[in-house]
>>> print(open('model_30.csv').read())   # CSV, C-alpha atoms and all ligand atoms
chain,number,residue,atom,x,y,z
A,29,MET,CA,39.4,-12.6,-20.1
A,30,PRO,CA,37.6,-15.3,-18.2
A,31,VAL,CA,38.6,-13.8,-14.8
A,32,GLU,CA,37.1,-10.4,-15.8
A,33,ARG,CA,34.0,-12.2,-17.0
A,34,VAL,CA,33.7,-13.9,-13.5
A,35,PHE,CA,34.0,-10.5,-11.8
A,36,GLY,CA,31.7,-8.9,-14.3
A,37,GLY,CA,29.1,-11.6,-13.6
A,38,VAL,CA,29.4,-11.2,-9.9
A,39,SER,CA,29.0,-7.5,-10.0
A,40,ARG,CA,26.0,-7.8,-12.2
A,41,LEU,CA,24.7,-10.3,-9.6
A,42,SER,CA,25.4,-7.7,-6.9
A,43,SER,CA,23.2,-5.1,-8.6
A,44,TRP,CA,20.5,-7.6,-9.2
A,45,LEU,CA,19.2,-7.3,-5.7
A,46,PRO,CA,19.5,-4.0,-3.7
A,47,GLY,CA,22.5,-4.1,-1.4
A,48,ARG,CA,20.4,-3.8,1.7
A,49,LEU,CA,18.4,-6.9,0.7
A,50,VAL,CA,21.6,-8.8,0.0
A,51,ASP,CA,22.7,-7.8,3.6
A,52,ALA,CA,19.3,-8.9,5.0
A,53,LEU,CA,19.7,-12.2,3.1
A,54,LEU,CA,23.2,-12.7,4.6
A,55,LEU,CA,21.9,-12.1,8.1
A,56,ALA,CA,18.9,-14.3,7.7
A,57,GLY,CA,21.1,-17.0,6.1
A,58,VAL,CA,23.5,-16.9,9.1
A,59,VAL,CA,20.6,-17.1,11.6
A,60,VAL,CA,19.0,-20.0,9.8
A,61,ALA,CA,22.3,-21.8,9.3
A,62,THR,CA,23.3,-21.4,12.9
A,63,ALA,CA,19.9,-22.5,14.3
A,64,THR,CA,19.7,-25.5,12.0
A,65,GLY,CA,23.3,-26.4,12.6
A,66,VAL,CA,22.8,-26.4,16.3
A,67,ALA,CA,19.5,-28.2,16.0
A,68,SER,CA,21.1,-30.9,13.8
A,69,ILE,CA,22.9,-32.2,16.9
A,70,LEU,CA,19.5,-33.7,18.0
A,71,ALA,CA,18.3,-34.7,14.5
A,72,GLY,CA,18.1,-38.5,14.8
A,73,THR,CA,15.2,-39.8,12.6
A,74,PRO,CA,14.5,-39.1,8.9
A,75,SER,CA,11.5,-37.0,10.0
A,76,ASP,CA,14.2,-34.5,11.1
A,77,ALA,CA,15.8,-34.4,7.6
A,78,TRP,CA,14.3,-30.9,6.9
A,79,VAL,CA,16.6,-29.4,9.5
A,80,LEU,CA,19.7,-30.5,7.5
A,81,TRP,CA,18.0,-29.6,4.2
A,82,LEU,CA,17.4,-26.0,5.5
A,83,HIS,CA,21.0,-25.9,6.7
A,84,GLY,CA,22.3,-26.8,3.2
A,85,VAL,CA,20.0,-24.4,1.4
A,86,ALA,CA,21.0,-21.6,3.8
A,87,GLY,CA,24.7,-22.4,3.0
A,88,VAL,CA,24.5,-22.2,-0.7
A,89,VAL,CA,22.3,-19.1,-0.6
A,90,LEU,CA,25.0,-17.6,1.7
A,91,VAL,CA,27.7,-18.4,-0.9
A,92,GLY,CA,25.8,-16.4,-3.6
A,93,ALA,CA,24.9,-13.5,-1.2
A,94,LEU,CA,28.5,-13.3,0.1
A,95,ALA,CA,29.8,-13.1,-3.5
A,96,ALA,CA,27.3,-10.4,-4.3
A,97,LYS,CA,28.3,-8.5,-1.2
A,98,LEU,CA,32.0,-8.8,-1.9
A,99,ALA,CA,31.5,-7.5,-5.4
A,100,ARG,CA,29.8,-4.5,-3.9
A,101,VAL,CA,32.0,-3.6,-1.0
A,102,GLY,CA,35.4,-5.1,-2.0
A,103,HIS,CA,36.7,-1.8,-3.2
A,104,ARG,CA,36.8,-0.6,0.5
A,105,LEU,CA,39.9,-2.7,0.9
A,106,ARG,CA,41.7,-0.1,-1.2
A,107,GLY,CA,40.9,2.6,1.3
A,108,SER,CA,42.6,2.9,4.7
A,109,TRP,CA,42.0,-0.1,7.0
A,110,ASN,CA,40.2,1.2,10.1
A,111,ARG,CA,38.8,-1.0,12.8
A,112,THR,CA,35.5,-1.6,10.9
A,113,VAL,CA,37.3,-2.8,7.8
A,114,TRP,CA,39.5,-5.1,9.9
A,115,VAL,CA,36.3,-6.7,11.5
A,116,SER,CA,34.8,-7.1,8.0
A,117,VAL,CA,37.9,-8.7,6.7
A,118,ALA,CA,38.0,-11.2,9.6
A,119,LEU,CA,34.3,-11.9,9.2
A,120,THR,CA,34.7,-12.6,5.5
A,121,ALA,CA,37.6,-14.9,6.1
A,122,ILE,CA,35.7,-16.9,8.7
A,123,ALA,CA,32.6,-17.0,6.6
A,124,VAL,CA,34.6,-18.3,3.6
A,125,LEU,CA,36.1,-21.0,5.8
A,126,ALA,CA,32.7,-21.9,7.2
A,127,LEU,CA,31.1,-22.2,3.8
A,128,ALA,CA,34.1,-23.9,2.2
A,129,SER,CA,34.3,-26.5,5.0
A,130,GLY,CA,30.6,-27.3,4.8
A,131,LEU,CA,30.7,-27.6,1.1
A,132,ALA,CA,33.9,-29.7,1.2
A,133,TRP,CA,32.3,-32.0,3.7
A,134,THR,CA,29.3,-32.4,1.5
A,135,LEU,CA,31.5,-33.1,-1.6
A,136,GLY,CA,33.6,-35.6,0.3
A,137,LEU,CA,36.8,-33.5,0.0
A,138,LEU,CA,37.4,-32.9,3.7
A,139,GLU,CA,37.0,-36.1,5.8
A,140,GLN,CA,39.6,-35.4,8.5
A,141,VAL,CA,41.8,-32.5,9.6
A,142,GLY,CA,44.2,-33.6,12.4
A,143,PRO,CA,42.1,-34.7,15.3
A,144,PHE,CA,38.8,-33.3,13.8
A,145,THR,CA,36.5,-34.6,11.2
A,146,GLY,CA,35.7,-32.1,8.5
A,147,LEU,CA,32.2,-31.8,9.9
A,148,VAL,CA,33.4,-30.9,13.5
A,149,LEU,CA,35.8,-28.4,12.0
A,150,HIS,CA,32.9,-26.9,10.1
A,151,ALA,CA,30.8,-26.6,13.2
A,152,TYR,CA,33.6,-24.8,15.2
A,153,VAL,CA,34.3,-22.4,12.4
A,154,GLY,CA,30.6,-21.7,12.1
A,155,LEU,CA,30.4,-20.9,15.8
A,156,ALA,CA,33.5,-18.7,15.7
A,157,LEU,CA,31.7,-16.6,13.2
A,158,LEU,CA,29.0,-15.4,15.6
A,159,PRO,CA,30.9,-13.1,17.9
A,160,VAL,CA,32.7,-11.4,15.0
A,161,LEU,CA,29.3,-11.0,13.2
A,162,VAL,CA,27.9,-9.3,16.4
A,163,VAL,CA,30.7,-6.8,16.4
A,164,HIS,CA,30.2,-6.2,12.6
A,165,LEU,CA,26.5,-5.6,13.0
A,166,TYR,CA,27.0,-3.3,15.9
A,167,SER,CA,28.8,-0.8,13.6
A,168,ARG,CA,27.2,-1.5,10.3
A,169,PHE,CA,23.6,-2.8,10.8
A,170,ARG,CA,21.0,-1.2,8.5
A,171,THR,CA,17.4,-2.3,8.1
A,172,PRO,CA,16.0,-2.6,4.6
A,173,THR,CA,13.9,0.4,3.6
A,174,ARG,CA,10.3,0.6,2.3
A,175,ARG,CA,11.7,1.2,-1.2
A,176,ASP,CA,13.2,-2.4,-1.1
A,177,ALA,CA,9.8,-3.9,-0.4
A,178,SER,CA,8.6,-4.2,-4.0
A,179,ARG,CA,6.8,-7.1,-5.7
A,180,ARG,CA,9.8,-7.4,-8.0
A,181,ASN,CA,12.3,-7.8,-5.2
A,182,ALA,CA,10.0,-10.4,-3.5
A,183,LEU,CA,10.0,-12.4,-6.7
A,184,LYS,CA,13.8,-12.1,-7.0
A,185,LEU,CA,14.2,-13.2,-3.4
A,186,SER,CA,12.0,-16.2,-4.0
A,187,ALA,CA,13.9,-17.1,-7.1
A,188,THR,CA,17.1,-16.9,-5.1
A,189,LEU,CA,15.7,-19.4,-2.5
A,190,VAL,CA,14.5,-21.8,-5.3
A,191,ALA,CA,17.9,-21.6,-7.0
A,192,GLY,CA,19.5,-22.3,-3.5
A,193,ALA,CA,17.3,-25.4,-3.1
A,194,VAL,CA,18.3,-26.7,-6.6
A,195,ALA,CA,22.0,-25.9,-6.0
A,196,TRP,CA,22.0,-27.7,-2.7
A,197,ARG,CA,20.3,-30.8,-4.2
A,198,ALA,CA,22.9,-30.8,-7.0
A,199,THR,CA,25.8,-30.4,-4.5
A,200,LYS,CA,24.6,-33.4,-2.6
A,201,LEU,CA,24.4,-35.5,-5.7
A,202,LEU,CA,28.0,-34.7,-6.5
A,203,GLY,CA,29.3,-35.8,-3.2
A,204,PRO,CA,29.6,-39.3,-1.7
A,205,ALA,CA,26.5,-41.1,-0.2
A,206,ARG,CA,25.7,-39.7,3.2
A,207,ARG,CA,22.9,-40.1,5.6
A,208,PHE,CA,20.4,-37.2,5.9
A,209,THR,CA,22.5,-36.1,8.9
A,210,GLY,CA,25.6,-35.8,6.7
A,211,SER,CA,27.2,-38.9,8.3
A,212,THR,CA,29.1,-41.5,6.3
A,213,GLU,CA,28.8,-45.3,6.9
A,214,ARG,CA,31.6,-47.0,8.9
A,215,GLY,CA,31.9,-50.6,9.9
A,216,SER,CA,28.3,-51.7,10.0
A,217,ASP,CA,27.4,-55.4,10.8
A,218,ASP,CA,31.0,-56.1,11.7
A,219,GLY,CA,31.0,-56.5,15.4
A,220,ASN,CA,33.3,-54.2,17.4
A,221,ARG,CA,35.1,-53.0,14.3
A,222,PHE,CA,33.5,-49.5,14.0
A,223,PRO,CA,35.0,-46.2,15.2
A,224,VAL,CA,35.4,-45.5,18.9
A,225,THR,CA,34.3,-41.9,19.7
A,226,SER,CA,34.8,-40.7,23.3
A,227,TRP,CA,35.2,-37.2,24.6
A,228,VAL,CA,38.9,-36.5,25.4
A,229,ALA,CA,38.5,-36.7,29.2
A,230,ASP,CA,36.2,-39.7,29.1
A,231,ASP,CA,38.8,-42.5,28.8
A,232,PRO,CA,38.3,-44.9,31.7
A,233,ASP,CA,40.4,-48.0,32.4
A,234,PRO,CA,38.7,-51.3,31.3
A,235,VAL,CA,36.0,-52.3,33.7
A,236,ASP,CA,36.6,-55.2,36.0
A,237,PRO,CA,33.4,-57.2,35.7
A,238,ALA,CA,33.8,-58.6,39.3
A,239,ALA,CA,33.8,-55.1,40.7
A,240,TRP,CA,31.0,-53.8,38.5
A,241,THR,CA,27.2,-53.7,39.1
A,242,LEU,CA,24.3,-52.0,37.4
A,243,ALA,CA,22.1,-50.1,39.9
A,244,VAL,CA,18.4,-49.5,38.9
A,245,HIS,CA,17.1,-46.9,41.4
A,246,GLY,CA,15.3,-43.6,41.9
A,247,LEU,CA,11.5,-43.7,41.8
A,248,VAL,CA,11.3,-47.5,42.0
A,249,ASP,CA,9.7,-49.8,44.6
A,250,ARG,CA,12.4,-52.4,44.3
A,251,PRO,CA,15.9,-51.1,43.6
A,252,LEU,CA,18.1,-53.5,41.8
A,253,ASP,CA,21.8,-54.1,41.9
A,254,LEU,CA,22.7,-56.4,39.1
A,255,ASP,CA,26.0,-58.1,38.4
A,256,GLU,CA,27.3,-59.1,35.0
A,257,SER,CA,25.7,-62.5,34.9
A,258,ALA,CA,22.3,-60.9,35.6
A,259,VAL,CA,22.5,-58.5,32.7
A,260,LEU,CA,23.8,-61.3,30.4
A,261,GLY,CA,20.3,-62.8,30.5
A,262,ASP,CA,18.5,-63.7,33.7
A,263,ALA,CA,14.9,-64.9,34.1
A,264,ALA,CA,14.0,-61.6,35.7
A,265,VAL,CA,15.6,-59.6,32.9
A,266,PRO,CA,15.5,-61.6,29.6
A,267,ALA,CA,17.8,-60.9,26.7
A,268,SER,CA,16.5,-58.8,23.9
A,269,ASN,CA,17.7,-57.9,20.4
A,270,GLN,CA,17.6,-54.6,18.7
A,271,ARG,CA,18.8,-53.6,15.2
A,272,SER,CA,19.8,-50.0,15.5
A,273,LEU,CA,22.0,-47.3,13.9
A,274,LEU,CA,24.5,-45.2,15.9
A,275,ASP,CA,25.0,-41.8,14.2
A,276,CYS,CA,27.7,-39.7,15.8
A,277,THR,CA,27.5,-35.9,15.3
A,278,SER,CA,31.1,-36.0,14.2
A,279,GLY,CA,30.0,-37.4,10.9
A,280,TRP,CA,29.9,-41.2,10.8
A,281,TYR,CA,27.2,-43.8,11.4
A,282,SER,CA,27.2,-47.6,11.9
A,283,GLU,CA,24.3,-50.0,12.0
A,284,HIS,CA,24.4,-53.2,14.1
A,285,ASP,CA,22.4,-56.0,15.7
A,286,TRP,CA,22.6,-55.3,19.4
A,287,ARG,CA,21.8,-57.7,22.2
A,288,GLY,CA,21.2,-56.9,25.9
A,289,VAL,CA,18.5,-56.1,28.3
A,290,ARG,CA,15.5,-54.0,27.4
A,291,VAL,CA,15.2,-51.0,29.7
A,292,ARG,CA,11.4,-51.6,29.9
A,293,ASP,CA,12.2,-55.1,31.4
A,294,LEU,CA,14.5,-53.5,33.9
A,295,LEU,CA,12.0,-50.9,34.9
A,296,ASP,CA,9.3,-53.6,35.3
A,297,ALA,CA,11.6,-55.7,37.4
A,298,ALA,CA,12.3,-52.7,39.7
A,299,ASP,CA,8.7,-51.8,39.9
A,300,ALA,CA,9.3,-48.2,38.6
A,301,ASP,CA,6.8,-45.6,39.4
A,302,PRO,CA,4.5,-45.5,36.4
A,303,ASP,CA,4.2,-41.7,36.7
A,304,ALA,CA,7.9,-41.0,36.6
A,305,ASP,CA,8.6,-39.6,33.1
A,306,TRP,CA,12.4,-39.6,32.9
A,307,VAL,CA,15.2,-42.2,33.0
A,308,ARG,CA,18.8,-41.1,33.5
A,309,PHE,CA,21.7,-43.3,32.4
A,310,THR,CA,25.1,-42.7,34.0
A,311,SER,CA,28.5,-44.0,33.1
A,312,ILE,CA,31.3,-45.0,35.5
A,313,THR,CA,33.0,-41.8,34.2
A,314,GLY,CA,30.1,-39.5,35.2
A,315,TYR,CA,29.0,-39.0,31.6
A,316,ARG,CA,25.2,-39.2,31.6
A,317,TRP,CA,22.1,-38.7,29.6
A,318,SER,CA,18.4,-38.9,30.4
A,319,LEU,CA,15.6,-40.0,28.1
A,320,PRO,CA,11.8,-39.5,28.3
A,321,ARG,CA,10.2,-42.6,29.8
A,322,THR,CA,8.8,-44.0,26.5
A,323,ALA,CA,12.0,-43.6,24.6
A,324,ALA,CA,13.9,-45.1,27.6
A,325,ALA,CA,11.6,-48.1,27.8
A,326,ASP,CA,12.3,-48.9,24.1
A,327,ALA,CA,16.0,-48.5,24.5
A,328,LEU,CA,18.4,-51.4,25.2
A,329,LEU,CA,21.3,-51.8,27.5
A,330,ALA,CA,23.6,-53.7,25.2
A,331,THR,CA,26.1,-56.4,26.2
A,332,HIS,CA,26.7,-57.6,22.6
A,333,VAL,CA,27.2,-56.1,19.1
A,334,ASP,CA,26.6,-58.5,16.1
A,335,GLY,CA,27.0,-61.4,18.5
A,336,ASP,CA,30.4,-60.3,19.9
A,337,ARG,CA,30.8,-59.2,23.5
A,338,LEU,CA,31.2,-55.4,23.6
A,339,ALA,CA,34.8,-54.3,23.5
A,340,HIS,CA,36.0,-51.9,26.2
A,341,GLY,CA,36.1,-48.9,23.8
A,342,HIS,CA,32.4,-49.5,22.9
A,343,GLY,CA,31.3,-49.5,26.6
A,344,TYR,CA,31.9,-53.0,28.0
A,345,PRO,CA,30.2,-54.3,30.1
A,346,LEU,CA,27.1,-52.3,29.2
A,347,ARG,CA,26.2,-49.4,26.8
A,348,LEU,CA,23.0,-47.7,26.0
A,349,VAL,CA,21.5,-48.3,22.5
A,350,ALA,CA,18.9,-45.5,22.0
A,351,PRO,CA,17.1,-45.9,18.6
A,352,GLY,CA,16.6,-42.7,16.7
A,353,ARG,CA,18.9,-40.8,19.1
A,354,ARG,CA,22.3,-39.4,18.1
A,355,GLY,CA,25.4,-41.2,19.3
A,356,PHE,CA,26.3,-38.9,22.1
A,357,GLN,CA,23.2,-40.1,24.0
A,358,TRP,CA,24.4,-43.7,23.8
A,359,VAL,CA,26.1,-43.7,27.2
A,360,LYS,CA,29.0,-46.2,27.4
A,361,TRP,CA,30.1,-48.1,30.6
A,362,VAL,CA,26.7,-47.6,32.2
A,363,GLU,CA,26.5,-48.3,35.9
A,364,SER,CA,23.3,-46.5,36.9
A,365,VAL,CA,19.7,-46.3,35.6
A,366,GLU,CA,17.8,-43.8,37.6
A,367,VAL,CA,14.0,-43.3,37.4
A,368,ARG,CA,13.2,-39.6,37.8
A,369,ASP,CA,10.3,-37.2,37.6
A,370,SER,CA,12.3,-34.5,35.9
A,371,PRO,CA,14.9,-34.2,33.1
A,372,ASP,CA,18.5,-33.2,33.8
A,373,PRO,CA,19.5,-30.0,32.1
A,374,ALA,CA,23.0,-30.2,33.6
A,375,GLN,CA,23.7,-33.2,31.4
A,376,TRP,CA,24.5,-30.8,28.5
A,377,LEU,CA,27.2,-29.2,30.5
A,378,VAL,CA,28.5,-32.5,31.8
A,379,THR,CA,28.9,-33.9,28.2
A,380,LEU,CA,30.3,-30.6,26.9
A,381,ILE,CA,33.0,-30.1,29.5
A,382,SER,CA,34.1,-33.8,29.1
A,383,GLY,CA,36.3,-32.6,26.2
A,384,PHE,CA,36.0,-32.5,22.4
A,385,ASP,CA,34.0,-35.0,20.4
A,401,LIG,N1,30.6,-42.6,28.9
A,401,LIG,C1,30.7,-42.1,27.6
A,401,LIG,N2,29.7,-42.5,26.8
A,401,LIG,C2,29.7,-42.1,25.5
A,401,LIG,C3,30.7,-41.2,25.0
A,401,LIG,C4,31.7,-40.8,26.0
A,401,LIG,O1,32.6,-40.0,25.7
A,401,LIG,N3,31.6,-41.3,27.3
A,401,LIG,N4,30.7,-40.7,23.7
A,401,LIG,C5,29.4,-40.7,23.1
A,401,LIG,C6,29.5,-40.4,21.6
A,401,LIG,S1,29.8,-38.8,21.2
A,401,LIG,C7,29.3,-41.4,20.7
A,401,LIG,S2,29.1,-41.0,19.1
A,401,LIG,C8,29.1,-42.8,21.0
A,401,LIG,C9,30.2,-43.5,20.3
A,401,LIG,O2,30.1,-44.9,20.6
A,401,LIG,P1,31.4,-45.8,20.2
A,401,LIG,O3,32.6,-45.3,20.8
A,401,LIG,O4,31.0,-47.2,20.7
A,401,LIG,O5,31.4,-45.8,18.7
A,401,LIG,O6,29.3,-43.0,22.4
A,401,LIG,C10,28.7,-42.0,23.3
A,401,LIG,N5,28.8,-42.5,24.6
A,402,MO,MO,29.5,-38.6,19.0
>>> encode(input="model_30.csv", output="structure tokens")
Amino acid sequence: MPVERVFGGVSRLSSWLPGRLVDALLLAGVVVATATGVASILAGTPSDAWVLWLHGVAGVVLVGALAAKLARVGHRLRGSWNRTVWVSVALTAIAVLALASGLAWTLGLLEQVGPFTGLVLHAYVGLALLPVLVVHLYSRFRTPTRRDASRRNALKLSATLVAGAVAWRATKLLGPARRFTGSTERGSDDGNRFPVTSWVADDPDPVDPAAWTLAVHGLVDRPLDLDESAVLGDAAVPASNQRSLLDCTSGWYSEHDWRGVRVRDLLDAADADPDADWVRFTSITGYRWSLPRTAAADALLATHVDGDRLAHGHGYPLRLVAPGRRGFQWVKWVESVEVRDSPDPAQWLVTLISGFD
């Protein structure tokens, strides 16, 4: 019977490593997967690819460790279901959903679920696991014992990690082409025809250019208040071009030729304090992000995408283009550039409470 063979294989797998080591592997896997999943929000350049690689390896190792654990403890379902069993069952269900959604996203089987992309769904399910895991550990946590710390077990653990790395590599090859962040390409080099992603509450009316200005202020000697014609290419702030890739954490990316004013030129024109290390960009909606001075200087405040004037959804009249930074930092409908000597930790809260990505 093939089914019996599968279960037989799994239970052999479950006795391959001592149960306490499987449990330790599960806990370590969840810790690594959570840390790298959260960190991936900031992964913007290929030098950050290892974060996503670790995330994937942790995921496939968790699949194996979870199977081994279920083969070992599954029989408890036949006993009476006390609170501890209920928590374990809930934890298993969420873990299976988290792993399956991550795998399905990688394989291209789960692009969209209602309002969420498969990747966003995966992130929420993964986060939902944490409180249930804490409750589970509270009643069931055991540390591995000295007996488990053998050379043999160390070799087996290493072999498991290598197998995980190979399996993750193979899984990625089976799925569609994705950037190292897991994002798929959408509407590159095609003007305004790429996805609009705004947080639910961040949905302003189209900006009336006659009533709009860009303020450059804060630690500057000469504050500026520029109207649309000034940002469209003035002698004081010349037009610049920038090819750059927008990579949204919801799982898509789009690469374009952007045109606008270089932030460095704005800071020069405003005589910004050379010792001020931060620049904060704020939208007409209050949405904001701050960049370190050097990254800000290289950024562009774009008026055009692939030669077309920016559409409202993409931030008309002016949006931040921040090379190497994830999409959520590319503030749309910018009306303020503030030179500061400190970062702005509250920006995280401001972007989070704006709604869902
Ligand atoms: N003001 C404002 N800027 C914003 C957002 C927003 O909700 N409000 N969304 C951000 C996110 S999450 C992304 S991925 C990009 C998307 O840009 P697009 O809608 O032009 O594709 O804009 C960013 N800038
Ligand atoms: Mo985004």
>>> closest_residue(input="model_30.csv", among="A:Ser364, A:Thr379, A:Thr277, A:Ser311", to="ligand MO 402 (chain A)", atoms="all atoms listed in the file")
A:Thr277
>>> closest_atom_pairs(input="model_30.csv", of="chain A", to="ligand MO 402 (chain A)", cutoff="10 Å", atoms="all atoms listed in the file", output="JSON lines")
{"residue": "A:Ile69", "atom": "CA", "partner": "A:MO402", "partner_atom": "MO", "distance": 9.4}
{"residue": "A:Val224", "atom": "CA", "partner": "A:MO402", "partner_atom": "MO", "distance": 9.1}
{"residue": "A:Thr225", "atom": "CA", "partner": "A:MO402", "partner_atom": "MO", "distance": 5.9}
{"residue": "A:Ser226", "atom": "CA", "partner": "A:MO402", "partner_atom": "MO", "distance": 7.1}
{"residue": "A:Trp227", "atom": "CA", "partner": "A:MO402", "partner_atom": "MO", "distance": 8.1}
{"residue": "A:Leu274", "atom": "CA", "partner": "A:MO402", "partner_atom": "MO", "distance": 8.8}
{"residue": "A:Asp275", "atom": "CA", "partner": "A:MO402", "partner_atom": "MO", "distance": 7.3}
{"residue": "A:Cys276", "atom": "CA", "partner": "A:MO402", "partner_atom": "MO", "distance": 3.8}
{"residue": "A:Thr277", "atom": "CA", "partner": "A:MO402", "partner_atom": "MO", "distance": 5.0}
{"residue": "A:Ser278", "atom": "CA", "partner": "A:MO402", "partner_atom": "MO", "distance": 5.7}
{"residue": "A:Gly279", "atom": "CA", "partner": "A:MO402", "partner_atom": "MO", "distance": 8.2}
{"residue": "A:Trp280", "atom": "CA", "partner": "A:MO402", "partner_atom": "MO", "distance": 8.6}
{"residue": "A:Tyr281", "atom": "CA", "partner": "A:MO402", "partner_atom": "MO", "distance": 9.5}
{"residue": "A:Arg354", "atom": "CA", "partner": "A:MO402", "partner_atom": "MO", "distance": 7.3}
{"residue": "A:Gly355", "atom": "CA", "partner": "A:MO402", "partner_atom": "MO", "distance": 4.9}
{"residue": "A:Phe356", "atom": "CA", "partner": "A:MO402", "partner_atom": "MO", "distance": 4.5}
{"residue": "A:Gln357", "atom": "CA", "partner": "A:MO402", "partner_atom": "MO", "distance": 8.2}
{"residue": "A:Trp358", "atom": "CA", "partner": "A:MO402", "partner_atom": "MO", "distance": 8.7}
{"residue": "A:Phe384", "atom": "CA", "partner": "A:MO402", "partner_atom": "MO", "distance": 9.5}
{"residue": "A:Asp385", "atom": "CA", "partner": "A:MO402", "partner_atom": "MO", "distance": 5.9}
>>> closest_residue(input="model_30.csv", among="A:Ser167, A:Lys184, A:Ser211, A:Val160", to="A:Trp133", atoms="only C-alpha atoms")
A:Ser211
>>> atom_distance(input="model_30.csv", atom1="atom CA of A:Gly154", atom2="atom CA of A:Leu55")
13.6 Å
>>> atom_distance(input="model_30.csv", atom1="atom CA of A:Leu149", atom2="atom CA of A:Leu82")
19.7 Å
>>> atom_distance(input="model_30.csv", atom1="atom CA of A:Pro251", atom2="atom CA of A:Leu294")
10.1 Å
>>> closest_residue(input="model_30.csv", among="A:Val367, A:Ala229, A:Ala298, A:Ala195", to="ligand LIG 401 (chain A)", atoms="all atoms listed in the file")
A:Ala229
>>> residues_around(input="model_30.csv", residues="stretch 327-336 of chain A", least_positions_apart="2", cutoff="10 Å", atoms="all atoms listed in the file", output="PyMOL selection string")
chain A and resi 216-221+256+259-261+267-272+283-294+309+319+321-325+338-339+342-353+358-360+362+365
>>> residues_around(input="model_30.csv", residues="A:Trp81", least_positions_apart="2", cutoff="10 Å", atoms="only C-alpha atoms", output="list in words")
Thr64, Asp76, Ala77, Trp78, Val79, His83, Gly84, Val85, Ala86, Gly87, Ala193, Trp196, Arg197, Phe208 and Thr209 of chain A
>>> closest_residue(input="model_30.csv", among="A:Ala96, A:Ala191, A:Leu155, A:Val148", to="ligand LIG 401 (chain A)", atoms="all atoms listed in the file")
A:Val148
>>> closest_residue(input="model_30.csv", among="A:Gly215, A:Gly192, A:Gly57, A:Gly203", to="ligand LIG 401 (chain A)", atoms="all atoms listed in the file")
A:Gly215
>>> closest_residue(input="model_30.csv", among="A:Leu70, A:Leu127, A:Val59, A:Leu98", to="ligand LIG 401 (chain A)", atoms="all atoms listed in the file")
A:Leu70
>>> residues_near_point(input="model_30.csv", point="(33.9, -49.8, 35.7)", cutoff="7 Å", atoms="all atoms listed in the file", output="ChimeraX atom specification")
/A:234-236,240,312,361
